[in-house]
Amino acid sequence: MYDEVWQLIADFLTYREKTGDIEMYRFKNGKPIIYYPSSFLPPKVTIEFKDRERYGDGDRGINWCIRKSEWSNDYFDYIIEATINPKILAGIKDYLTAATYNDIDLAAANFNKISQEISPLLHSFSNYRISRIDYCVNISLDEFIPECTPMRFMNLIKRSNIPPHYEEWMKYDDTAHRMKSRPESFYLKSKSVNINCYSKYLQLLNKSEERVKKKRSPIDQETIDASRNIYRFEVQCKYHKIFSMSQKAKEAGDRSINKYKSLLDPIICTTIVSDYYKKVIGKGDWYTLSTAIQIIKSKGFNSQKEQHLINALKDVSRCRSLAKAKESCPIEKIGTFTRTLKELENLNINRKRQIIGVL
């Protein structure tokens, strides 16, 4: 195995010298350094395509990592990881389209073609186990609330639910002197699944600025304008989640190594995105606080139930997010509060944002 690792490193080095298309990096103090051959094999080497202007963001849709296995006590036990962007691998070069199940076969074929150009030790797509999948859907609001700016909409999204065992991703802001999340996304993390809802428009603006700082051409204005009312809801299933799903696929009769036909089945994709969307964003129509209260009063509930529902609306409005309203709720009342939120959903009132009354 150790000899194979050295042979694979040598094959990458040969390809680098022959084509100039890739770069190899080792890491020192967490920073990437260009890797040159020596008698020392680093614990981690990453390989990336570097001709981004030619192939577009995503480095032809594939990069590799050769690293020590964290699952083995053998010092010389290394594994090869490939990270792919199936959209780029399938030849789709625009910034807005999301890959679909129909793109995977072409992506796999191109994966095999590129890999074999470099080394037979990279094998084929079918030889790799899948350890992470990012399921996603694009949501266009052009026909729903076109007057709502991307930043305002993201402020609404950030008032959504944070399910148990999740926390919002944040980093320290030197200007504000406190932890802050990215303004263009609502990014929740857990051990097995990350959830990210973000504005494609704000993302592309940031990406375009980064390209200019690196003295590369900016993203064209037509693409940025086309993304203005597009939002992406993404469910990033990590190793533990994928392992569980793979076991179920195996029990259902899928004996392939990576089980991609099962894991990427359109019904599975739709179910996963829908389930996590309901957990975070919720269901129901969006209303201002006053309109939502009028709807409740029009239903003819008894005074006690009506007041419970209205109080829940006002609690979320006061706390400015569902997650904060749940945090502030006394533990002995959290069950009642949760049931009340469910009743609001049954009334087709989105319990997470529009009850805040910001539109």
# chains A, B, ... in the order shown; residues from 1 in each chain; ligands from 1

$ residues_around --residues "Glu23 in chain A" --least-positions-apart "5" --cutoff "8 Å" --atoms "only C-alpha atoms" --output "JSON, numbers by chain"
{"A": [16, 34, 47, 48, 49, 50]}

$ closest_residue --among "A:Asp254, A:Asp134, A:Glu343, A:Asp3" --to "Ile272 in chain A" --atoms "only C-alpha atoms"
A:Asp134

$ closest_residue --among "A:Asn110, A:Thr83, A:Thr340, A:Gln7" --to "Gln304 in chain A" --atoms "only C-alpha atoms"
A:Thr340

$ select_by_dssp --residues "range 126-278 of chain A" --states "alpha helix (DSSP H)" --output "NGL selection string"
:A and (150-157 or 200-213 or 221-226 or 239-251 or 260-263 or 266-278)

$ residues_around --residues "range 75-80 of chain A" --least-positions-apart "4" --cutoff "10 Å" --atoms "only C-alpha atoms" --output "list of chain:residue names"
A:Met1, A:Tyr2, A:Asp3, A:Glu4, A:Val5, A:Leu8, A:Leu41, A:Pro43, A:Lys44, A:Val45, A:Thr46, A:Trp64, A:Cys65, A:Ile66, A:Arg67, A:Lys68, A:Ser69, A:Glu70, A:Trp71, A:Leu121, A:Leu122, A:Tyr128

$ write_last_selection --atoms "N, CA, C and O atoms" --output "PDB file, in the first residue's frame"
ATOM      1  N   MET A   1       0.830  -1.207   0.000  1.00  0.00           N
ATOM      2  CA  MET A   1       0.000   0.000   0.000  1.00  0.00           C
ATOM      3  C   MET A   1       0.868   1.264   0.000  1.00  0.00           C
ATOM      4  O   MET A   1       0.628   2.202  -0.739  1.00  0.00           O
ATOM      5  N   TYR A   2       1.922   1.258   0.839  1.00  0.00           N
ATOM      6  CA  TYR A   2       2.800   2.425   0.918  1.00  0.00           C
ATOM      7  C   TYR A   2       3.491   2.674  -0.421  1.00  0.00           C
ATOM      8  O   TYR A   2       3.638   3.817  -0.854  1.00  0.00           O
ATOM      9  N   ASP A   3       3.914   1.595  -1.085  1.00  0.00           N
ATOM     10  CA  ASP A   3       4.543   1.724  -2.398  1.00  0.00           C
ATOM     11  C   ASP A   3       3.567   2.304  -3.416  1.00  0.00           C
ATOM     12  O   ASP A   3       3.954   3.096  -4.280  1.00  0.00           O
ATOM     13  N   GLU A   4       2.303   1.919  -3.304  1.00  0.00           N
ATOM     14  CA  GLU A   4       1.290   2.452  -4.217  1.00  0.00           C
ATOM     15  C   GLU A   4       1.086   3.948  -4.011  1.00  0.00           C
ATOM     16  O   GLU A   4       0.856   4.688  -4.971  1.00  0.00           O
ATOM     17  N   VAL A   5       1.163   4.388  -2.749  1.00  0.00           N
ATOM     18  CA  VAL A   5       1.018   5.819  -2.473  1.00  0.00           C
ATOM     19  C   VAL A   5       2.137   6.598  -3.158  1.00  0.00           C
ATOM     20  O   VAL A   5       1.902   7.623  -3.812  1.00  0.00           O
ATOM     21  N   LEU A   8       1.528   6.724  -6.841  1.00  0.00           N
ATOM     22  CA  LEU A   8       0.474   7.685  -7.181  1.00  0.00           C
ATOM     23  C   LEU A   8       1.014   9.114  -7.112  1.00  0.00           C
ATOM     24  O   LEU A   8       0.728   9.937  -7.994  1.00  0.00           O
ATOM     25  N   LEU A  41       7.088  11.791   2.937  1.00  0.00           N
ATOM     26  CA  LEU A  41       5.690  11.761   2.501  1.00  0.00           C
ATOM     27  C   LEU A  41       4.853  12.477   3.551  1.00  0.00           C
ATOM     28  O   LEU A  41       4.715  11.993   4.683  1.00  0.00           O
ATOM     29  N   PRO A  43       1.680  13.982   5.767  1.00  0.00           N
ATOM     30  CA  PRO A  43       0.430  13.331   6.175  1.00  0.00           C
ATOM     31  C   PRO A  43      -0.741  13.673   5.258  1.00  0.00           C
ATOM     32  O   PRO A  43      -1.737  12.965   5.239  1.00  0.00           O
ATOM     33  N   LYS A  44      -0.596  14.758   4.475  1.00  0.00           N
ATOM     34  CA  LYS A  44      -1.692  15.155   3.591  1.00  0.00           C
ATOM     35  C   LYS A  44      -1.133  15.905   2.383  1.00  0.00           C
ATOM     36  O   LYS A  44      -0.324  16.817   2.533  1.00  0.00           O
ATOM     37  N   VAL A  45      -1.560  15.503   1.199  1.00  0.00           N
ATOM     38  CA  VAL A  45      -1.210  16.194  -0.038  1.00  0.00           C
ATOM     39  C   VAL A  45      -2.497  16.435  -0.815  1.00  0.00           C
ATOM     40  O   VAL A  45      -3.296  15.517  -1.007  1.00  0.00           O
ATOM     41  N   THR A  46      -2.735  17.656  -1.239  1.00  0.00           N
ATOM     42  CA  THR A  46      -3.920  17.953  -2.050  1.00  0.00           C
ATOM     43  C   THR A  46      -3.492  18.270  -3.473  1.00  0.00           C
ATOM     44  O   THR A  46      -2.406  18.825  -3.701  1.00  0.00           O
ATOM     45  N   TRP A  64      -8.221  16.111  -5.659  1.00  0.00           N
ATOM     46  CA  TRP A  64      -7.911  14.929  -4.879  1.00  0.00           C
ATOM     47  C   TRP A  64      -7.178  15.298  -3.588  1.00  0.00           C
ATOM     48  O   TRP A  64      -6.585  16.376  -3.477  1.00  0.00           O
ATOM     49  N   CYS A  65      -7.238  14.381  -2.655  1.00  0.00           N
ATOM     50  CA  CYS A  65      -6.483  14.512  -1.399  1.00  0.00           C
ATOM     51  C   CYS A  65      -5.929  13.129  -1.047  1.00  0.00           C
ATOM     52  O   CYS A  65      -6.675  12.151  -0.987  1.00  0.00           O
ATOM     53  N   ILE A  66      -4.614  13.065  -0.863  1.00  0.00           N
ATOM     54  CA  ILE A  66      -3.960  11.838  -0.394  1.00  0.00           C
ATOM     55  C   ILE A  66      -3.572  12.085   1.061  1.00  0.00           C
ATOM     56  O   ILE A  66      -2.786  12.988   1.349  1.00  0.00           O
ATOM     57  N   ARG A  67      -4.141  11.325   1.968  1.00  0.00           N
ATOM     58  CA  ARG A  67      -3.893  11.593   3.395  1.00  0.00           C
ATOM     59  C   ARG A  67      -3.864  10.307   4.202  1.00  0.00           C
ATOM     60  O   ARG A  67      -4.348   9.257   3.761  1.00  0.00           O
ATOM     61  N   LYS A  68      -3.284  10.419   5.390  1.00  0.00           N
ATOM     62  CA  LYS A  68      -3.277   9.292   6.302  1.00  0.00           C
ATOM     63  C   LYS A  68      -4.705   8.959   6.711  1.00  0.00           C
ATOM     64  O   LYS A  68      -5.537   9.844   6.912  1.00  0.00           O
ATOM     65  N   SER A  69      -4.973   7.672   6.851  1.00  0.00           N
ATOM     66  CA  SER A  69      -6.299   7.241   7.261  1.00  0.00           C
ATOM     67  C   SER A  69      -6.492   7.482   8.752  1.00  0.00           C
ATOM     68  O   SER A  69      -5.633   7.139   9.566  1.00  0.00           O
ATOM     69  N   GLU A  70      -7.594   8.091   9.101  1.00  0.00           N
ATOM     70  CA  GLU A  70      -7.900   8.331  10.515  1.00  0.00           C
ATOM     71  C   GLU A  70      -8.543   7.114  11.158  1.00  0.00           C
ATOM     72  O   GLU A  70      -8.798   7.089  12.353  1.00  0.00           O
ATOM     73  N   TRP A  71      -8.827   6.098  10.321  1.00  0.00           N
ATOM     74  CA  TRP A  71      -9.491   4.896  10.839  1.00  0.00           C
ATOM     75  C   TRP A  71      -8.508   3.759  11.096  1.00  0.00           C
ATOM     76  O   TRP A  71      -8.903   2.676  11.490  1.00  0.00           O
ATOM     77  N   LEU A 121      -3.872   4.138 -10.915  1.00  0.00           N
ATOM     78  CA  LEU A 121      -4.117   3.929  -9.483  1.00  0.00           C
ATOM     79  C   LEU A 121      -5.295   4.759  -8.972  1.00  0.00           C
ATOM     80  O   LEU A 121      -5.771   4.542  -7.854  1.00  0.00           O
ATOM     81  N   LEU A 122      -5.765   5.725  -9.779  1.00  0.00           N
ATOM     82  CA  LEU A 122      -6.943   6.505  -9.383  1.00  0.00           C
ATOM     83  C   LEU A 122      -8.236   5.738  -9.637  1.00  0.00           C
ATOM     84  O   LEU A 122      -9.292   6.116  -9.150  1.00  0.00           O
ATOM     85  N   TYR A 128     -15.000   4.213  -5.880  1.00  0.00           N
ATOM     86  CA  TYR A 128     -14.959   5.135  -4.733  1.00  0.00           C
ATOM     87  C   TYR A 128     -16.232   5.001  -3.900  1.00  0.00           C
ATOM     88  O   TYR A 128     -17.337   4.898  -4.445  1.00  0.00           O
TER      89      TYR A 128
END

$ residues_around --residues "His165 in chain A" --least-positions-apart "6" --cutoff "9 Å" --atoms "only C-alpha atoms" --output "VMD selection string"
chain A and resid 189 to 191

$ write_last_selection --atoms "all heavy atoms" --output "PDB file, in the first residue's frame"
ATOM      1  N   LYS A 189     -25.070  23.862  11.395  1.00  0.00           N
ATOM      2  CA  LYS A 189     -24.153  22.722  11.413  1.00  0.00           C
ATOM      3  C   LYS A 189     -24.538  21.725  12.494  1.00  0.00           C
ATOM      4  O   LYS A 189     -24.982  22.103  13.574  1.00  0.00           O
ATOM      5  CB  LYS A 189     -22.721  23.210  11.657  1.00  0.00           C
ATOM      6  CG  LYS A 189     -22.206  24.190  10.628  1.00  0.00           C
ATOM      7  CD  LYS A 189     -20.743  24.536  10.864  1.00  0.00           C
ATOM      8  CE  LYS A 189     -19.847  23.350  10.582  1.00  0.00           C
ATOM      9  NZ  LYS A 189     -18.405  23.686  10.697  1.00  0.00           N
ATOM     10  N   SER A 190     -24.356  20.443  12.175  1.00  0.00           N
ATOM     11  CA  SER A 190     -24.481  19.371  13.161  1.00  0.00           C
ATOM     12  C   SER A 190     -23.418  18.325  12.833  1.00  0.00           C
ATOM     13  O   SER A 190     -22.665  18.467  11.872  1.00  0.00           O
ATOM     14  CB  SER A 190     -25.881  18.746  13.146  1.00  0.00           C
ATOM     15  OG  SER A 190     -26.034  17.875  12.040  1.00  0.00           O
ATOM     16  N   LYS A 191     -23.361  17.249  13.610  1.00  0.00           N
ATOM     17  CA  LYS A 191     -22.339  16.236  13.393  1.00  0.00           C
ATOM     18  C   LYS A 191     -22.537  15.474  12.082  1.00  0.00           C
ATOM     19  O   LYS A 191     -21.570  15.054  11.452  1.00  0.00           O
ATOM     20  CB  LYS A 191     -22.319  15.243  14.561  1.00  0.00           C
ATOM     21  CG  LYS A 191     -21.798  15.846  15.863  1.00  0.00           C
ATOM     22  CD  LYS A 191     -21.753  14.795  16.955  1.00  0.00           C
ATOM     23  CE  LYS A 191     -21.187  15.384  18.242  1.00  0.00           C
ATOM     24  NZ  LYS A 191     -21.136  14.362  19.330  1.00  0.00           N
TER      25      LYS A 191
END

$ closest_residue --among "A:Tyr135, A:Tyr201, A:Phe233, A:Phe125" --to "Ile219 in chain A" --atoms "only C-alpha atoms"
A:Tyr201

$ residues_around --residues "Asn206 in chain A" --least-positions-apart "5" --cutoff "12 Å" --atoms "only C-alpha atoms" --output "number ranges by chain"
A: 182-185, 199-201, 211-213, 218-219, 224

$ write_last_selection --atoms "N, CA and C atoms" --output "compact mmCIF listing (two decimals), in the first residue's frame"
# COMPACT_ATOMS: atom_id res chain seq x y z
N ARG A 182 -22.45 34.79 8.30
CA ARG A 182 -22.33 35.43 6.99
C ARG A 182 -23.66 36.06 6.61
N PRO A 183 -23.69 37.31 6.17
CA PRO A 183 -24.97 37.96 5.85
C PRO A 183 -25.70 37.32 4.69
N GLU A 184 -24.97 36.65 3.78
CA GLU A 184 -25.63 36.10 2.59
C GLU A 184 -26.16 34.69 2.79
N SER A 185 -25.98 34.09 4.00
CA SER A 185 -26.44 32.72 4.16
C SER A 185 -26.90 32.44 5.59
N SER A 199 -28.35 33.26 -0.61
CA SER A 199 -28.69 34.04 -1.79
C SER A 199 -27.62 33.83 -2.85
N LYS A 200 -28.02 33.35 -4.03
CA LYS A 200 -27.06 33.19 -5.11
C LYS A 200 -26.53 34.56 -5.56
N TYR A 201 -27.39 35.57 -5.49
CA TYR A 201 -26.98 36.91 -5.91
C TYR A 201 -25.87 37.43 -5.00
N ARG A 211 -12.59 37.30 -7.23
CA ARG A 211 -11.89 37.08 -8.49
C ARG A 211 -11.10 38.33 -8.88
N VAL A 212 -11.69 39.50 -8.69
CA VAL A 212 -11.01 40.75 -9.04
C VAL A 212 -9.78 40.95 -8.15
N LYS A 213 -9.91 40.65 -6.84
CA LYS A 213 -8.77 40.78 -5.93
C LYS A 213 -7.61 39.87 -6.34
N PRO A 218 -13.99 39.46 -13.51
CA PRO A 218 -15.17 39.34 -12.65
C PRO A 218 -16.24 38.51 -13.33
N ILE A 219 -17.21 38.07 -12.54
CA ILE A 219 -18.37 37.37 -13.11
C ILE A 219 -19.18 38.39 -13.91
N ILE A 224 -24.95 37.84 -12.82
CA ILE A 224 -25.27 38.36 -11.50
C ILE A 224 -26.71 38.87 -11.45

$ closest_residue --among "A:Leu264, A:Ile118, A:Leu204, A:Val280" --to "Asp21 in chain A" --atoms "only C-alpha atoms"
A:Ile118

$ select_by_dssp --residues "range 99-164 of chain A" --states "strand (DSSP E or B)" --output "PyMOL selection string"
chain A and resi 133-140

$ write_last_selection --atoms "C-alpha atoms" --output "tab-separated table (two decimals), in the first residue's frame"
chain	number	residue	atom	x	y	z
A	133	ILE	CA	-23.45	14.48	-0.79
A	134	ASP	CA	-24.78	18.03	-1.03
A	135	TYR	CA	-28.45	17.82	-2.01
A	136	CYS	CA	-29.91	21.16	-3.11
A	137	VAL	CA	-32.73	22.99	-4.83
A	138	ASN	CA	-32.86	26.44	-6.39
A	139	ILE	CA	-35.81	28.60	-5.35
A	140	SER	CA	-36.82	31.52	-7.59
